[in-house]
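File shown here: structure_33.cif, holding mmCIF, C-alpha atoms and all ligand atoms.
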data_entry
#
loop_
_atom_site.label_atom_id
_atom_site.label_comp_id
_atom_site.auth_asym_id
_atom_site.auth_seq_id
_atom_site.Cartn_x
_atom_site.Cartn_y
_atom_site.Cartn_z
CA MET B 7 -75.45 -21.64 -64.84
CA PRO B 8 -76.33 -17.96 -64.31
CA GLY B 9 -75.76 -18.06 -60.54
CA MET B 10 -72.18 -19.29 -61.01
CA ARG B 11 -71.44 -16.70 -63.66
CA MET B 12 -72.66 -13.92 -61.37
CA THR B 13 -70.51 -15.18 -58.54
CA ALA B 14 -67.42 -15.15 -60.73
CA ALA B 15 -68.25 -11.69 -62.11
CA THR B 16 -68.76 -10.28 -58.64
CA LEU B 17 -65.53 -11.76 -57.36
CA LEU B 18 -63.73 -10.24 -60.31
CA LEU B 19 -65.18 -6.84 -59.51
CA LEU B 20 -64.34 -7.12 -55.84
CA VAL B 21 -60.85 -8.52 -56.21
CA CYS B 22 -59.19 -7.27 -59.36
CA CYS B 23 -60.81 -4.14 -60.63
CA GLY B 24 -60.04 -2.11 -57.56
CA ALA B 25 -62.81 0.48 -57.76
CA ALA B 26 -62.37 3.02 -55.00
CA ALA B 27 -64.36 2.39 -51.84
CA ALA B 28 -67.08 4.95 -51.21
CA ALA B 29 -65.82 7.71 -48.92
CA GLY B 30 -68.08 9.11 -46.22
CA LEU B 31 -70.80 6.55 -46.87
CA SER B 32 -71.91 4.00 -44.32
CA ALA B 33 -74.75 1.47 -44.22
CA ARG B 34 -76.91 0.30 -41.34
CA HIS B 35 -79.95 -1.92 -40.72
CA ALA B 36 -79.33 -3.84 -43.96
CA TRP B 37 -81.66 -6.82 -44.39
CA ILE B 38 -83.32 -8.85 -47.10
CA ARG B 39 -86.77 -10.39 -47.10
CA LEU B 40 -86.58 -13.83 -48.73
CA LEU B 41 -89.64 -15.30 -50.43
CA PRO B 42 -89.97 -19.01 -51.19
CA GLY B 43 -88.53 -20.65 -54.29
CA ASP B 44 -87.14 -18.37 -56.98
CA LEU B 45 -89.43 -15.42 -56.18
CA PRO B 46 -87.67 -12.04 -56.06
CA ALA B 47 -86.57 -10.70 -52.67
CA ALA B 48 -86.57 -7.14 -51.31
CA GLY B 49 -83.56 -5.46 -49.69
CA TYR B 50 -83.68 -2.60 -47.21
CA LEU B 51 -81.08 -0.42 -45.50
CA GLU B 52 -80.17 3.07 -44.44
CA LEU B 53 -77.29 4.83 -46.19
CA VAL B 54 -75.66 7.68 -44.30
CA ASN B 55 -73.55 10.21 -46.18
CA THR B 56 -71.12 12.10 -43.94
CA GLY B 57 -69.17 13.34 -46.98
CA ALA B 58 -69.20 16.85 -48.42
CA ASP B 59 -70.86 15.84 -51.70
CA SER B 60 -74.20 14.38 -52.69
CA VAL B 61 -73.87 10.83 -54.02
CA ARG B 62 -76.29 8.74 -56.05
CA LEU B 63 -76.89 5.03 -55.59
CA THR B 64 -77.08 3.56 -59.09
CA GLY B 65 -77.04 -0.20 -58.68
CA ALA B 66 -75.94 -3.27 -56.76
CA GLN B 67 -74.52 -6.76 -57.28
CA SER B 68 -74.43 -9.83 -55.11
CA PRO B 69 -73.21 -13.40 -55.48
CA GLY B 70 -76.53 -14.44 -53.89
CA PHE B 71 -78.76 -13.03 -56.65
CA GLY B 72 -78.88 -12.84 -60.44
CA THR B 73 -79.88 -9.20 -60.87
CA ILE B 74 -80.58 -6.31 -58.50
CA GLU B 75 -82.65 -3.25 -59.36
CA LEU B 76 -83.61 -0.12 -57.45
CA HIS B 77 -87.38 0.03 -56.96
CA GLU B 78 -89.98 2.29 -55.46
CA SER B 79 -93.32 1.10 -54.11
CA SER B 80 -96.30 3.41 -53.86
CA GLU B 81 -99.87 3.15 -52.65
CA GLN B 82 -102.09 5.89 -54.06
CA SER B 83 -105.86 6.10 -54.49
CA GLY B 84 -106.07 2.55 -53.21
CA VAL B 85 -103.71 1.12 -55.86
CA ALA B 86 -100.35 -0.45 -54.96
CA ARG B 87 -97.61 -0.26 -57.56
CA MET B 88 -93.90 -0.83 -57.92
CA ARG B 89 -91.61 0.85 -60.42
CA ARG B 90 -87.93 0.75 -61.25
CA VAL B 91 -85.84 3.84 -60.53
CA GLU B 92 -82.44 4.51 -62.11
CA ARG B 93 -80.77 6.23 -59.15
CA LEU B 94 -81.41 7.40 -55.61
CA ALA B 95 -79.64 10.45 -54.19
CA ILE B 96 -78.01 10.62 -50.77
CA PRO B 97 -77.47 14.30 -50.03
CA ALA B 98 -74.32 15.48 -48.27
CA GLY B 99 -74.94 15.08 -44.55
CA GLY B 100 -78.16 13.19 -45.30
CA THR B 101 -79.57 9.67 -45.09
CA LEU B 102 -81.29 7.57 -47.75
CA VAL B 103 -83.80 5.13 -46.27
CA LEU B 104 -84.85 1.99 -48.12
CA GLU B 105 -87.74 0.49 -46.17
CA PRO B 106 -90.91 -1.60 -46.60
CA ARG B 107 -93.58 0.17 -48.74
CA GLY B 108 -90.97 2.62 -50.05
CA TYR B 109 -87.65 2.40 -51.84
CA HIS B 110 -86.11 -1.07 -51.92
CA LEU B 111 -83.62 -3.22 -53.74
CA MET B 112 -85.41 -5.82 -55.83
CA LEU B 113 -83.18 -8.90 -55.90
CA SER B 114 -84.17 -11.41 -58.57
CA GLY B 115 -82.88 -14.91 -59.16
CA PRO B 116 -81.87 -15.95 -55.63
CA SER B 117 -79.31 -18.73 -55.50
CA GLY B 118 -80.95 -21.78 -53.99
CA ASP B 119 -78.96 -21.98 -50.76
CA LEU B 120 -79.95 -18.71 -49.05
CA GLN B 121 -81.35 -19.22 -45.54
CA PRO B 122 -82.98 -16.79 -43.09
CA GLY B 123 -80.56 -15.96 -40.29
CA GLU B 124 -77.54 -16.03 -42.59
CA ARG B 125 -75.86 -13.06 -44.24
CA VAL B 126 -75.14 -12.28 -47.86
CA PRO B 127 -72.70 -9.70 -49.26
CA VAL B 128 -74.06 -7.00 -51.58
CA THR B 129 -71.86 -4.45 -53.35
CA LEU B 130 -73.60 -1.10 -53.78
CA GLU B 131 -72.55 1.02 -56.77
CA PHE B 132 -72.56 4.82 -56.85
CA SER B 133 -72.61 7.52 -59.54
CA ASP B 134 -69.02 8.58 -58.81
CA GLY B 135 -67.74 5.08 -59.57
CA THR B 136 -67.19 4.11 -55.95
CA ARG B 137 -68.52 0.93 -54.38
CA LEU B 138 -69.61 -0.04 -50.90
CA PRO B 139 -69.68 -3.67 -49.74
CA VAL B 140 -72.52 -4.27 -47.30
CA SER B 141 -73.46 -7.43 -45.41
CA PHE B 142 -77.25 -8.00 -45.47
CA LEU B 143 -79.06 -10.12 -42.89
CA LEU B 144 -81.44 -12.61 -44.52
CA ARG B 145 -84.94 -12.75 -43.01
CA ASP B 146 -87.98 -14.84 -43.79
CA ALA B 147 -91.10 -13.75 -45.71
CA SER B 148 -92.53 -12.09 -42.60
CA GLY B 149 -89.33 -10.12 -42.02
CA ARG B 150 -88.27 -12.17 -38.98
CA MET F 27 -105.01 -6.94 -70.05
CA THR F 28 -107.02 -4.47 -68.01
CA ARG F 29 -105.30 -1.23 -67.27
CA PRO F 30 -105.62 0.14 -63.74
CA ARG F 31 -108.68 2.30 -63.35
CA HIS F 32 -109.69 4.66 -60.62
CA ASN F 33 -110.79 2.76 -57.58
CA LEU F 34 -114.44 3.12 -56.75
CA TRP F 35 -114.05 1.79 -53.26
CA ALA F 36 -112.06 4.88 -52.36
CA VAL F 37 -115.05 6.97 -53.44
CA ALA F 38 -117.35 4.71 -51.44
CA VAL F 39 -115.20 5.18 -48.36
CA LEU F 40 -115.21 8.96 -48.78
CA LEU F 41 -119.01 8.94 -49.03
CA MET F 42 -119.19 6.74 -45.98
CA LEU F 43 -116.84 9.04 -44.05
CA ALA F 44 -118.91 12.08 -45.04
CA ALA F 45 -122.06 10.31 -43.86
CA GLY F 46 -120.29 9.30 -40.67
CA CYS F 47 -119.72 12.93 -39.67
CA ALA F 48 -123.42 13.35 -39.03
CA ARG F 49 -123.71 10.20 -36.93
CA SER F 50 -122.37 9.07 -33.59
CA PRO F 51 -118.65 8.19 -33.59
CA SER F 52 -117.84 4.77 -35.03
CA PRO F 53 -116.84 2.09 -32.54
CA TRP F 54 -114.34 0.79 -35.13
CA GLY F 55 -110.77 1.85 -35.65
CA LEU F 56 -110.91 0.79 -39.32
CA HIS F 57 -113.37 2.01 -41.94
CA ASP F 58 -116.84 0.57 -41.39
CA ILE F 59 -118.15 -0.69 -44.76
CA SER F 60 -121.22 -2.52 -43.44
CA GLY F 61 -123.95 -2.29 -46.09
CA LEU F 62 -121.61 -0.65 -48.60
CA MET F 63 -120.06 -3.80 -50.08
CA PRO F 64 -121.71 -7.12 -51.02
CA PRO F 65 -121.20 -10.30 -48.98
CA LEU F 66 -118.22 -12.52 -49.80
CA VAL F 67 -118.86 -14.67 -52.87
CA PHE F 68 -116.24 -16.24 -55.12
CA THR F 69 -115.13 -19.34 -56.99
CA LEU F 70 -111.33 -19.71 -57.08
CA HIS F 71 -108.73 -22.45 -56.68
CA ASP F 72 -106.22 -23.05 -53.89
CA GLY F 73 -102.63 -24.27 -53.72
CA SER F 74 -103.75 -27.87 -54.17
CA GLY F 75 -105.63 -26.93 -57.33
CA HIS F 76 -108.96 -27.56 -55.58
CA ILE F 77 -111.92 -25.28 -56.25
CA ARG F 78 -112.74 -23.12 -53.24
CA HIS F 79 -115.88 -21.08 -52.62
CA ALA F 80 -116.46 -18.23 -50.21
CA TYR F 81 -118.84 -20.40 -48.19
CA ASP F 82 -115.95 -22.77 -47.37
CA PHE F 83 -114.76 -20.02 -45.03
CA ARG F 84 -118.06 -19.31 -43.26
CA GLY F 85 -117.51 -19.35 -39.51
CA GLU F 86 -114.19 -17.52 -39.86
CA VAL F 87 -113.57 -13.78 -39.93
CA VAL F 88 -112.05 -13.36 -43.39
CA LEU F 89 -109.41 -10.80 -44.40
CA LEU F 90 -109.34 -10.53 -48.21
CA TYR F 91 -106.29 -9.08 -49.96
CA PHE F 92 -105.33 -8.98 -53.64
CA GLY F 93 -101.71 -9.26 -54.76
CA TYR F 94 -99.15 -11.39 -56.61
CA THR F 95 -96.26 -13.50 -55.40
CA HIS F 96 -93.59 -11.72 -57.51
CA CYS F 97 -94.27 -8.66 -55.33
CA PRO F 98 -91.28 -8.55 -52.96
CA ASP F 99 -92.25 -5.51 -50.93
CA ILE F 100 -95.86 -4.43 -50.41
CA CYS F 101 -97.59 -7.84 -50.57
CA PRO F 102 -95.41 -9.70 -48.02
CA THR F 103 -95.28 -6.61 -45.79
CA THR F 104 -99.08 -6.45 -45.75
CA LEU F 105 -99.47 -10.20 -45.21
CA ALA F 106 -96.94 -10.16 -42.35
CA SER F 107 -98.87 -7.31 -40.73
CA LEU F 108 -102.18 -9.20 -41.06
CA VAL F 109 -100.63 -12.37 -39.63
CA SER F 110 -99.22 -10.32 -36.76
CA ALA F 111 -102.72 -8.89 -36.12
CA THR F 112 -104.25 -12.38 -35.91
CA ARG F 113 -101.46 -13.58 -33.59
CA ARG F 114 -102.46 -10.90 -31.10
CA LEU F 115 -105.84 -12.63 -30.73
CA GLY F 116 -104.32 -15.68 -29.07
CA ALA F 117 -106.48 -18.79 -29.42
CA ALA F 118 -109.16 -16.78 -31.25
CA ALA F 119 -106.76 -16.49 -34.19
CA ASP F 120 -108.03 -19.94 -35.20
CA ARG F 121 -111.32 -18.30 -36.19
CA THR F 122 -109.67 -15.93 -38.64
CA ARG F 123 -108.58 -16.53 -42.23
CA ILE F 124 -106.36 -14.36 -44.40
CA LEU F 125 -107.20 -14.92 -48.08
CA PHE F 126 -104.44 -13.83 -50.44
CA VAL F 127 -105.90 -13.73 -53.94
CA SER F 128 -103.26 -13.63 -56.67
CA VAL F 129 -104.32 -11.58 -59.70
CA ASP F 130 -101.34 -13.03 -61.61
CA PRO F 131 -102.47 -16.61 -62.38
CA ALA F 132 -100.05 -16.91 -65.32
CA ARG F 133 -97.08 -17.02 -62.90
CA ASP F 134 -98.89 -18.11 -59.74
CA SER F 135 -99.59 -21.77 -60.36
CA PRO F 136 -101.14 -23.80 -57.53
CA ALA F 137 -97.64 -25.07 -56.60
CA VAL F 138 -96.33 -21.51 -56.29
CA LEU F 139 -99.40 -20.50 -54.23
CA GLN F 140 -98.88 -23.48 -51.92
CA ARG F 141 -95.24 -22.65 -51.20
CA TYR F 142 -96.10 -18.98 -50.78
CA GLN F 143 -98.86 -19.51 -48.20
CA GLN F 144 -96.64 -21.88 -46.20
CA ALA F 145 -94.12 -19.06 -45.79
CA PHE F 146 -96.73 -17.06 -43.86
CA GLY F 147 -98.12 -19.76 -41.60
CA PRO F 148 -101.46 -21.50 -41.12
CA ARG F 149 -103.76 -18.45 -41.11
CA VAL F 150 -102.98 -17.60 -44.76
CA THR F 151 -104.67 -19.32 -47.70
CA ALA F 152 -103.44 -18.33 -51.15
CA LEU F 153 -105.97 -18.49 -53.97
CA SER F 154 -106.18 -17.58 -57.63
CA GLY F 155 -108.52 -18.16 -60.53
CA THR F 156 -109.17 -17.77 -64.20
CA PRO F 157 -109.05 -14.20 -65.53
CA ALA F 158 -112.86 -14.29 -65.68
CA GLN F 159 -113.15 -15.42 -62.05
CA LEU F 160 -110.69 -12.76 -60.92
CA ARG F 161 -112.48 -10.07 -62.91
CA GLU F 162 -115.76 -11.01 -61.32
CA LEU F 163 -114.35 -10.89 -57.78
CA THR F 164 -112.40 -7.65 -58.22
CA ARG F 165 -115.42 -5.97 -59.82
CA ARG F 166 -117.59 -7.11 -56.95
CA TYR F 167 -115.37 -5.14 -54.55
CA ARG F 168 -114.78 -2.32 -57.05
CA VAL F 169 -111.02 -2.76 -57.19
CA SER F 170 -108.86 -3.06 -60.26
CA TYR F 171 -105.60 -4.65 -61.21
CA GLY F 172 -103.31 -4.37 -64.20
CA LEU F 173 -100.47 -6.38 -65.66
CA GLY F 174 -97.57 -4.24 -66.92
CA LYS F 175 -95.61 -4.74 -70.14
CA PRO F 176 -93.00 -7.54 -69.86
CA ASP F 177 -89.36 -6.43 -70.03
CA ALA F 178 -86.68 -8.13 -72.15
CA ASP F 179 -86.52 -11.00 -69.62
CA GLY F 180 -90.28 -11.44 -69.63
CA ARG F 181 -90.65 -9.97 -66.16
CA TYR F 182 -93.54 -7.62 -65.47
CA GLU F 183 -95.03 -5.66 -62.60
CA VAL F 184 -98.63 -5.88 -61.46
CA SER F 185 -100.65 -3.02 -60.02
CA HIS F 186 -103.23 -4.16 -57.50
CA SER F 187 -105.54 -2.90 -54.79
CA SER F 188 -103.98 -1.95 -51.46
CA ALA F 189 -107.27 -2.59 -49.64
CA VAL F 190 -107.91 -5.35 -47.11
CA PHE F 191 -111.61 -6.24 -46.97
CA ILE F 192 -112.76 -7.80 -43.71
CA PHE F 193 -115.85 -10.01 -43.52
CA ASP F 194 -117.62 -11.34 -40.44
CA ARG F 195 -118.22 -15.02 -39.78
CA ASP F 196 -121.42 -14.91 -41.86
CA GLY F 197 -119.57 -13.49 -44.86
CA ALA F 198 -120.96 -9.96 -44.56
CA ALA F 199 -118.58 -7.13 -45.53
CA ARG F 200 -117.79 -5.17 -42.38
CA LEU F 201 -114.45 -3.32 -42.42
CA LEU F 202 -111.83 -1.93 -44.76
CA ALA F 203 -108.17 -1.71 -43.77
CA THR F 204 -105.30 -0.30 -45.80
CA GLY F 205 -101.67 -1.30 -45.85
CA THR F 206 -100.72 1.43 -43.44
CA ASP F 207 -103.15 0.39 -40.69
CA GLY F 208 -101.06 -1.13 -37.92
CA ALA F 209 -101.41 -4.71 -36.68
CA GLY F 210 -102.61 -3.46 -33.28
CA LYS F 211 -105.43 -1.42 -34.77
CA ILE F 212 -106.50 -4.32 -36.99
CA ALA F 213 -106.33 -6.78 -34.06
CA THR F 214 -108.60 -4.59 -31.91
CA ASP F 215 -111.30 -4.57 -34.59
CA LEU F 216 -110.90 -8.30 -35.33
CA LYS F 217 -111.44 -9.06 -31.64
CA ARG F 218 -114.55 -6.92 -31.66
CA LEU F 219 -115.86 -8.71 -34.76
CA LEU F 220 -115.20 -12.12 -33.22
CA ASP F 221 -116.88 -11.14 -29.95
CA GLY F 222 -119.87 -9.50 -31.65
CU CU C 301 -89.82 -3.96 -56.34
#
Final structure tokens representation of the file:
Amino acid sequence: MPGMRMTAATLLLLVCCGAAAAAGLSARHAWIRLLPGDLPAAGYLELVNTGADSVRLTGAQSPGFGTIELHESSEQSGVARMRRVERLAIPAGGTLVLEPRGYHLMLSGPSGDLQPGERVPVTLEFSDGTRLPVSFLLRDASGR
Amino acid sequence: MTRPRHNLWAVAVLLMLAAGCARSPSPWGLHDISGLMPPLVFTLHDGSGHIRHAYDFRGEVVLLYFGYTHCPDICPTTLASLVSATRRLGAAADRTRILFVSVDPARDSPAVLQRYQQAFGPRVTALSGTPAQLRELTRRYRVSYGLGKPDADGRYEVSHSSAVFIFDRDGAARLLATGTDGAGKIATDLKRLLDG
């Protein structure tokens, strides 16, 4: 069962491997839009970097989802698209905003028991090897 | 599958805007496309698998949007904004209909469409069709869509129009909204259409 395997893998990462926590990085307004069934969800948040160095967000893991990718939406010349991006930079003293119609986490393979109003932990991974655990509020398809 | 092409409706809107400069200011907040797009005509199926025609929705102001359910960001954001616009109409919301047409029928079976529309409430009806039916409808409104290459897991992205076409209760094309038009602006024009 892929959901179970992911849970175990994430626990292992969180508990035993002891990657350094991200210094100078904090998250706010973290929420996830759930769609019905096994449709992929979108995650949004603001990442503030009060550190002296630029950091890049490179990935994320969560016991609530099978895989998480960084994505960018665009609407140009009347065409809406979505593409995967490998990393997103948070400049020193700057803020990275993931928001509807822009950058987002694409969370595929939701575990069946996620409910709007609850929270799910997501571990963000950065280019310097640090990690940041963030609690995301689950919202419904309309973002409520 | 069709690759995304340049969207002709954007050109049509530019022409219309250019023409508009010479005329009196438009009473509409959104783009007025009266006479520039054909009336609403389609044959598709709904979440019960039943065939639906455009004339089933005569009597309602129709908001037509193309997308796909595996779209976690732009499609639900747009649908939520359209639903929010209709809510602002109060009881008159009952005379509006948001048609979400999936251009990804391979993944969007009737059962998926049914669950998807329920997540957005009673004003949304999710539809899809055969590739030929979808081609005919998208060509009619000069929009395109394209299915990307599947990755190793068989997942793929879909490019689709960001336009929302709005039809009056007789099925005539009247207004064009884009994803970035706010719910308040859309609601104002919907009210005007319903009153007119
Ligand atoms: Cu995405």
Only residues of chain B matter here; which ones have an atom within 9 Å of chain F, counting only C-alpha atoms? Give them as a PyMOL selection string. chain B and resi 39-43+45-49+79-89+105-108+110+112-113+146-149
Shell around B:Thr64 at 10 Å using all atoms listed in the file, local window under 3 positions removed, as a PDB file with C-alpha atoms, in the coordinates of the input:
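Listing of around-v5.pdb after writing:
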ATOM      1  CA  VAL B  61     -73.870  10.830 -54.020  1.00  0.00           C
ATOM      2  CA  GLU B  75     -82.650  -3.250 -59.360  1.00  0.00           C
ATOM      3  CA  LEU B  76     -83.610  -0.120 -57.450  1.00  0.00           C
ATOM      4  CA  VAL B  91     -85.840   3.840 -60.530  1.00  0.00           C
ATOM      5  CA  GLU B  92     -82.440   4.510 -62.110  1.00  0.00           C
ATOM      6  CA  ARG B  93     -80.770   6.230 -59.150  1.00  0.00           C
ATOM      7  CA  LEU B  94     -81.410   7.400 -55.610  1.00  0.00           C
ATOM      8  CA  ALA B  95     -79.640  10.450 -54.190  1.00  0.00           C
ATOM      9  CA  LEU B 130     -73.600  -1.100 -53.780  1.00  0.00           C
ATOM     10  CA  GLU B 131     -72.550   1.020 -56.770  1.00  0.00           C
ATOM     11  CA  PHE B 132     -72.560   4.820 -56.850  1.00  0.00           C
ATOM     12  CA  SER B 133     -72.610   7.520 -59.540  1.00  0.00           C
ATOM     13  CA  ASP B 134     -69.020   8.580 -58.810  1.00  0.00           C
ATOM     14  CA  GLY B 135     -67.740   5.080 -59.570  1.00  0.00           C
TER      15      GLY B 135
END
Neighbours of B:Gly30 within 10 Å (only C-alpha atoms; same-chain residues fewer than 6 positions away dropped), as a list in words? Val54, Asn55, Thr56, Gly57, Ala58, Asp59, Val61, Ala98 and Gly99 of chain B
Taking C-alpha atoms for each residue, export the selection above as a PDB file, keeping the file's coordinate frame.
ATOM      1  CA  VAL B  54     -75.660   7.680 -44.300  1.00  0.00           C
ATOM      2  CA  ASN B  55     -73.550  10.210 -46.180  1.00  0.00           C
ATOM      3  CA  THR B  56     -71.120  12.100 -43.940  1.00  0.00           C
ATOM      4  CA  GLY B  57     -69.170  13.340 -46.980  1.00  0.00           C
ATOM      5  CA  ALA B  58     -69.200  16.850 -48.420  1.00  0.00           C
ATOM      6  CA  ASP B  59     -70.860  15.840 -51.700  1.00  0.00           C
ATOM      7  CA  VAL B  61     -73.870  10.830 -54.020  1.00  0.00           C
ATOM      8  CA  ALA B  98     -74.320  15.480 -48.270  1.00  0.00           C
ATOM      9  CA  GLY B  99     -74.940  15.080 -44.550  1.00  0.00           C
TER      10      GLY B  99
END
How would you write as a list in words the residues that get within 8 Å of (-81.8, -14.3, -42.1) in the file's frame, counting all atoms listed in the file? Trp37, Ile38, Gln121, Pro122, Gly123, Glu124, Arg125, Leu143, Leu144, Arg145, Asp146 and Arg150 of chain B
Coordinates-based distance that separates atom CA of B:Phe142 from atom CA of B:Leu120 (Å, one decimal):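 The value is 11.6 Å.
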Between atom CA of F:Ser128 and atom CA of F:Leu160, what is the distance, to one decimal in Å?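 That distance, rounded to one decimal, is 8.6 Å.
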Counting all atoms listed in the file, the option among B:Leu51, B:Leu111, B:Ala28, B:Ala33 closest to B:Gln67: B:Leu111
Who sits within 8 Å of F:Leu219, all atoms listed in the file, same chain under 4 positions skipped, as a ChimeraX atom specification: /F:87,194,215
Quick check, in Å to one decimal: how far apart do atom CA of F:Leu202 and atom CA of F:Gly73 lie?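 Taking atom CA of F:Leu202 as the start and atom CA of F:Gly73 as the end point, the length is 25.8 Å.
Shortest separation to ligand CU 301 (chain C) among B:Glu78, B:Asp44, B:Glu52, B:Asp119 occurs at residue B:Glu78, atoms counted being only C-alpha atoms and all ligand atoms.
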Within 8 Å of (-109.5, 3.1, -38.6) (file coordinates; only C-alpha atoms), which protein or nucleic acid residues are there? I'd like them as a ChimeraX atom specification. /F:54-57,203,207,211
Determine the axis-aligned bounding box of all atoms of stretch 176-187 of chain F present in the file, pad each side by 4 Å, and express its centre and edge lengths in Å to one decimal place as AutoDock Vina command-line options.
--center_x -96.0 --center_y -7.2 --center_z -63.5 --size_x 27.0 --size_y 16.5 --size_z 25.4
Using only C-alpha atoms and all ligand atoms for the distances, tell me which of F:Pro157, F:Ile59, F:Arg181, F:Tyr91 is nearest to ligand CU 301 (chain C). F:Arg181
Can you work out which one of B:Ile74, B:Val103, B:Leu63, B:Leu138 has the shortest atom-to-atom distance to ligand CU 301 (chain C), counting all atoms listed in the file? B:Ile74
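Distances here use only C-alpha atoms; by that measure, the residue among F:Leu139, F:Gly155, F:Leu163, F:Leu66 closest to F:Asp82 is F:Leu66.
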Using only C-alpha atoms for the distances, tell me which of F:Gly116, F:Pro176, F:Pro53, F:Pro65 is nearest to F:Ala213.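 For F:Ala213, the nearest of the candidates is F:Gly116.
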